[in-house]
Structures are given as structure tokens and as C-alpha cells.
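These notes are about the structure you will find just below.
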Amino acid sequence: MHPLHRRPVPARHRRVAVTGVLAGALLMASNGAVAQPAGREQTADQQVLHVLNRLAFGPRPGDVQRVRAMGVDAWIEQQLHPERLDDRTTDAWLAKFPVLGMSGSELLERYPPAAVQYARLAAQSRAAGNGSARPELSAADSAAIARTAREGARQFGTFLSARVGRAVMSERQLLEVMTDFWANHFSVFSGKGQLRYDVPAYEAVLREHALGDFRTLLGAVAKSPAMLLYLDQAQSVADSGRRTLAEPRLARGAQRGGALANRPGARARLEQITVGELLDRNQLPAQQRERLMALPPAQMARIRSMTLAQAQEYLQTLANNPRRPRGINENYARELMELHTLGVDGGYTQQDVMEVARALTGWTLGRAPGGRALRDDGDGGFVFRPEVHDAEAKIILGGPFPAGRGLDEGERVLDLLAAHPSTARFIATKLVRRFVSDDPPADLVDRAAATFTRTKGDIREVLRTIITSDAFFADAAFRSKVKTPFELVVSASRALGGTPDETPLSTLIVARLGQPIYGRQTPDGWPDVADEWINTGAILNRMNFGLAVGANRLPGARVQLWEVARELTNASAEAQVDGVVRALFGGIVSTETRGVLLTGENPLLKQAGGASDSLFRDSDGDDDVSMQMTPPSGAPRRPPNGGGRRALERRDAMASLPELTGFPKLVGLAIGAPEFQRR
């Protein structure tokens, strides 16, 4: 059995000697130690390490002393209020990434994919009277289109880099841990269609509400473009034959006027005139005309015979997938109940899913597939369309929903689900699993669920119940969780005092280890239990990652710049082992790990034939630095900073790992050790 599958050795049973300057780095039990709270099984040493590995992405140099000096409980309280923490250094670094402040519509407008650019050019060509759906493009035009599309992919790559870098350097560690938790709970797949343009704004929503009110978070997610697109809610409209809330409105441009609308009897004529006539007379606003001309010929032919009112209703059913038949879509309603609130055993039926889907019809986006807002006064984000909302009465979870309530009906559904006892238990269980144990203690789940109900979903208070509990500080909880690939990469950088990586390389390593960021195709999110992450291949990859860190292959984390390396330069081999164990593990390691570090040989790696560079290569031996998952249809395989000579240089740098010796190898073996893989 590999040590990652074993119960970790309690701290009080395995320690190593502390020597030299490092003795002061983790001085725990003296010099003003705080009294041990009753009921906590972990020692004071363990508690400090435990909170830094569970409520943060691992300690940085100096963190252990700082937390010990201020007290574990004071540090927890500080982290529960991230707004009180000075994080200006992180904010200044994040200012390098303009993508973080842009909406999906803005990104789509500025960096449209190639297919959207071609559609726009085709519409302009037809509007100019050329009659061709395929405009002739010069080589320069094609190159410009490709550059814009590549830049869009590169911008998404910079967002991923910012995500990893923020986790490495932010002082608001619990906020980042909870943002990661909610990104997994409300999982979306960035590789679906154009959804990647909306992911940066989506994560900003999650971070904003990560420690706030669950109902507010649930509503913000429900109205986010990323979720509306991922689970197809933006397409969901009332089934044919159902009564809707309102008659289709006239197009806003025609409502507002212009010469045609100002004439006597203009409104009555607008209600009868066809779209084809308005197009032929050039009497539509430019934005509406451009959108219509971008439609496929068959849809355009159909729409020419419609009135403006008929055309608007038809266009709204096509807003995000022109090929989808009109009607209700249950995807979001099902996952809202099963994955976001009640849980799979939450007491709902398939009929409830149908009724919730009906209640949410009309919740969609105010933009066309190319990203442009459909309304002149909108930003292309969430809109409610009463004309496609199922306005008939419904019964949800046994309760009546009267007819004709519109947007308020969907809000009432979210109220009902957020306040349901099954939701309190489901969220409490997931949080206890994340912070305490793969097998959540039932009594702690009960108390956390009670807090959720009592505080009406106050996430901060539910967390406080969990992370100040005796179960959280139980002996069995110490190093009982296996780090996900994201946690592993971030914690390694933090452990060596690394600086955030502005390149795509760190995100690529996370993906190679098995967890591409926003790359989970199914809506259930990445697993949060050890068995899902540990197998022979994963263990070898993690060991190779450790050696790559020792070889300075993790950007920003240079072994020779680590303060411990400077202190131990002239120390004996055994003293170096003691120092690394103290710095990375608080002095707590198994006999097996200490033996590996002393001999410089890992038996598992030896059996596998030594270190491998496969972690940094595609199956064909090529690099794929910026695209960490299968790119969306039409997206370029390699963004601009992944091509040409720079790509070749980077591939050479990340490919064959050198034969490590001495202190770098010691660090590499330590990062790959079971104790570092756990949190």
C-alpha cells in the first residue's frame, strides 16, 4: 500500500531534531505559547500546520511563526473577514491582467472567435449589396482574423495564470480556498462553445459572495452568463401551447422611432409590415440589420416573411443555439436541485425538475451568439423575457406557484431551494468533507446544517462552526486529506516562497496532473476525496512534479532562492534532511519518508524506471503550454505565446529533467513525498 493511502502518523509520535537557524523558524511550544483549548486533540504545533494547510494553500516561509504568535483562533477570525486584510500587493499584481475586469460580452466584442468574425464580415458584405454569404478575404484579412482569435484564447490563458498566482500570493487565503470550493460546487466547463469568455466574470461573482449569503450566491450564479450557457438555461422557453406572460414586443429600435415610427399611423403599420420589406427599405437600425444578416440563409428566408413582433419572438428562441428546437430545457433545473442545493437524495421528483424548469423559462441572455447586446441599453448579461416565460400555474415541492408571476416566480424557486432543510444538510456535508474529512463526521454535519438554517445560509457562520470545532482539530483530521493538483502546485510554490507565475506554465502543470482549471466537462465538479486522486499513474506524476520543482521547473519557485537553502548550503546531508523536514513538514514525517530523503532514492520511482518528463509533454511529444484542455470548436490549438521559437525553447526547458543531486534532489523528493501530498 502506498503511504498516501495510509493513515498519517500523528505529530506527537514522529519528530526530528531541530538544528541551527531553523530552530527559530518553527518554535512552537515556548515563548508565550497560548493555552491549548479543551477538546482539541491536535498539539499546538499541529494546529498551526493544520489551519495553514486546510484554510490556506499551505504555509509560506514565515507563516508558521506568524500564526503561532497571533494564535490559531485569532488567525482563523482574521481569515473569516478577508475585507479587513491588506492585500494591496496582490491587487497591484492582478492589475496586470485586464481580462479580470471585463464582462463576457466585452471580451467577445473585442476578441471574437474566427467564426464570429467571418459571420460579421458576411453580414457586412450582404448589407453592402454584394449578395455573397462568403466574403472574399485577402491573406492579410485572414491573418488578422486569426490574430484576434488567438488573442482571445491568450486572454483566457492569462485569466488562468491570474487564478493560480492569486492563490499563491494572496493574504486572503480562506477567501481563495472558498472561491475554489464554489467554483467546484457550481462547476462550469470553459471548453463549451464560447463559454470561456464568461468565466473570468463568473469567478469574480463566486469570489464576491464566497463568504456571504448562500441565497445571494445562488441567485448570482443562476443569472451568470457562464451558468446560463453551460447548462443551456439561456435556451429554455415555454413549450408550444403553453400560455406565456406577455405578447412579443416590437423591436426596440422600431419602438423608439426614427422616420417611419414618427409618421401618422406608423405603429399600426409596423405591426403588419414584414422584416423583408423593412430590410429592403433600409428602415431597420444598423445593429438589428447586422444581426439579421448574420443568420444562416434558411433562417433568414423564414424571418423575412415575419412581422417585427413575430421575428423578435423567433430570434429569442435562437439567442444562443440557432439549431435548437423551441421549448423547455431541463438541464439547469436538474443540476440546480441535484448539485447546487438539495442533493441527489433531497426529496424532489422528476416532476419537480419539470416544474422548476418551467418556472425558469425566460431566464436568458441579452446578447446574440457573437456577443453583441440585443438591446441598446443592455450589457448582454442576464435578462428576463416574459414573452417566452411559461405563465401557467405550477406545483413545486408540494407548494403552489400561482400563474402569471414572471421573474418573481424564478426568484421564489431559488428562495425555496436555498431555505430547504435538504440544502442545509447538503452544503454542510460538502463543507465538512472539504475542511475536515473524506468521511464527514455526522454530528458536525448536523451542527453545521443547524447553523446554516439558523443564520439563513450565512456561509461565514457555517464555516466558523466547522473550522473551530473539536472535529476539525481532531488527531484523525491531521493530514487526512489528499491535495488536488491545483492545491499541490500552489502549495509547492508557497512552500518555497515562490512568486506568482505570469506565464501559462503553472496552469499547464495543474492540468497535466489531472485537474485543468474550469476543465471538468461534467457539472459535478472535481472530486474531493482521496481515492479519486490516487492511483499508480497519479502517484508517479506527483513524484515527478516534485523532482521538477527541485529542478526549478515551477516558475517563480527557485530552490536556490529559498531561505532554507541558503541556511543549509554548508550543512551535512543529515542536517539538510532535518532542515527540509522541519521547514516543509513541521518536523513530522514517517520513517519511510525520512529514509527516502536520507538515501536520495525513491523505490517507486526506481521501479518505474526513474524520473519522467511526461508530465510536461503531449502524447506526441509536443508542448501545449497555453491550451490546457481540448480547445473549443474553431479555437486555435496554440495561442501566440505558445508558438514559434519561444515555444521550442520552452519545450526544451520543460522536457528532459536533469539528473538531480544534492539539495535540489532532496527538495524534489520532499515535495513528492506523501506528507507533502496531504493537507
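Residues are referred to by chain and number: the chain letter is A, B, ... according to the order shown in the C-alpha cells, the number counts from 1 in that chain, and ligands are numbered separately from 1 in the order shown.
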Closest atom pairs, stretch 494-588 of chain A residues within 10 Å of stretch 41-55 of chain A, only C-alpha atoms, as a tab-separated table:
```
residue	atom	partner	partner_atom	distance
A:Leu584	CA	A:Leu49	CA	9.9
A:Phe585	CA	A:Leu49	CA	8.2
A:Gly586	CA	A:Leu49	CA	7.2
A:Gly587	CA	A:Asp45	CA	9.7
A:Ile588	CA	A:Gln46	CA	9.2
```
Neighbour list for A:Gln576 as a list in words, cut-off 10 Å, only C-alpha atoms, skip fewer than 5 positions in-chain: Thr19, Val564, Ala565, Glu567, Leu568, Thr569, Asn570, Ala571, Val581, Arg582, Leu597, Leu598, Gly662, Phe663, Leu666 and Val667 of chain A
A:Ile396 surroundings by only C-alpha atoms, 9 Å radius, close-in-sequence under 3 positions cut, as a list in words: Tyr348, Gln351, Asp352, Val353, Glu355, Val356, Gly399, Pro400, Phe401 and Val413 of chain A
Shortest interatomic distance to A:Ile273 - which of A:Trp75, A:Ala294, A:Ser305, A:Val67, counting only C-alpha atoms: A:Ser305
Residue nearest A:Asn331 among A:Leu229, A:Val383, A:Met306, A:Ala391 (counting only C-alpha atoms):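 The answer is A:Leu229, which sits nearest to A:Asn331.
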Backbone DSSP call of strand (DSSP E) for stretch 296-494 of chain A, listed as a list in words: Trp363, Thr364, Leu365, Phe382, Val383, Phe384, Lys394, Ile395, Ile396, Gly399, Pro400 and Phe401 of chain A
Those same residues, written as a tab-separated table (two decimals), in the first residue's frame with C-alpha atoms?
```tsv
chain	number	residue	atom	x	y	z
A	363	TRP	CA	-34.17	33.49	-17.83
A	364	THR	CA	-31.68	34.11	-20.60
A	365	LEU	CA	-29.04	36.45	-22.02
A	382	PHE	CA	-28.93	38.34	-17.76
A	383	VAL	CA	-32.39	39.35	-18.94
A	384	PHE	CA	-35.86	38.03	-18.28
A	394	LYS	CA	-47.16	25.12	-11.17
A	395	ILE	CA	-46.62	22.94	-8.10
A	396	ILE	CA	-43.02	22.69	-6.84
A	399	GLY	CA	-46.25	24.04	-2.89
A	400	PRO	CA	-48.46	26.01	-5.32
A	401	PHE	CA	-46.97	28.61	-7.64
```
Atom CA of A:Gln299 to atom CA of A:Ala123, distance in Å rounded to a single decimal: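 Interatomic distance, atom CA of A:Gln299 to atom CA of A:Ala123: 13.8 Å.
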A:Leu657, A:Leu342, A:Ala143, A:Val99 ranked by distance to A:Gln155, top pick (using only C-alpha atoms): A:Val99
A:Met178 surroundings by only C-alpha atoms, 10 Å radius, close-in-sequence under 2 positions cut, as a PyMOL selection string: chain A and resi 55-56+173-176+180-184+206-207+209-211+431+434+459+463
Exercise: A:Gly101 partners within 12 Å, only C-alpha atoms, chain neighbours under 4 positions left out, as a list in words: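 Once the adjacent positions are removed, what remains is Leu94, Ala95, Lys96, Phe97, Ser105, Glu106, Leu107, Gln155, Phe159, Asp198, Val199, Pro200, Ala201, Tyr202, Glu203, Ala204 and Val205 of chain A.
Atom CA of A:Gln677 sits 6.7 Å away from atom CA of A:Leu488.
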Residue contacts of A:Gly241 (12 Å, only C-alpha atoms) excluding same-chain residues fewer than 5 positions away, as a PyMOL selection string: chain A and resi 326-328+388-392
DSSP-assigned alpha helix (DSSP H) among stretch 66-292 of chain A, expressed as an MDAnalysis selection string: chainID A and resid 66:70 72:79 88:94 104:110 114:127 139:169 173:185 199:209 214:222 225:230 252:256 259:262 266:270 275:280 286:292
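Comparing A:Arg367, A:Arg678, A:Arg494, A:Arg558 by their smallest distance to A:Val164, the closest is A:Arg494 (using only C-alpha atoms).
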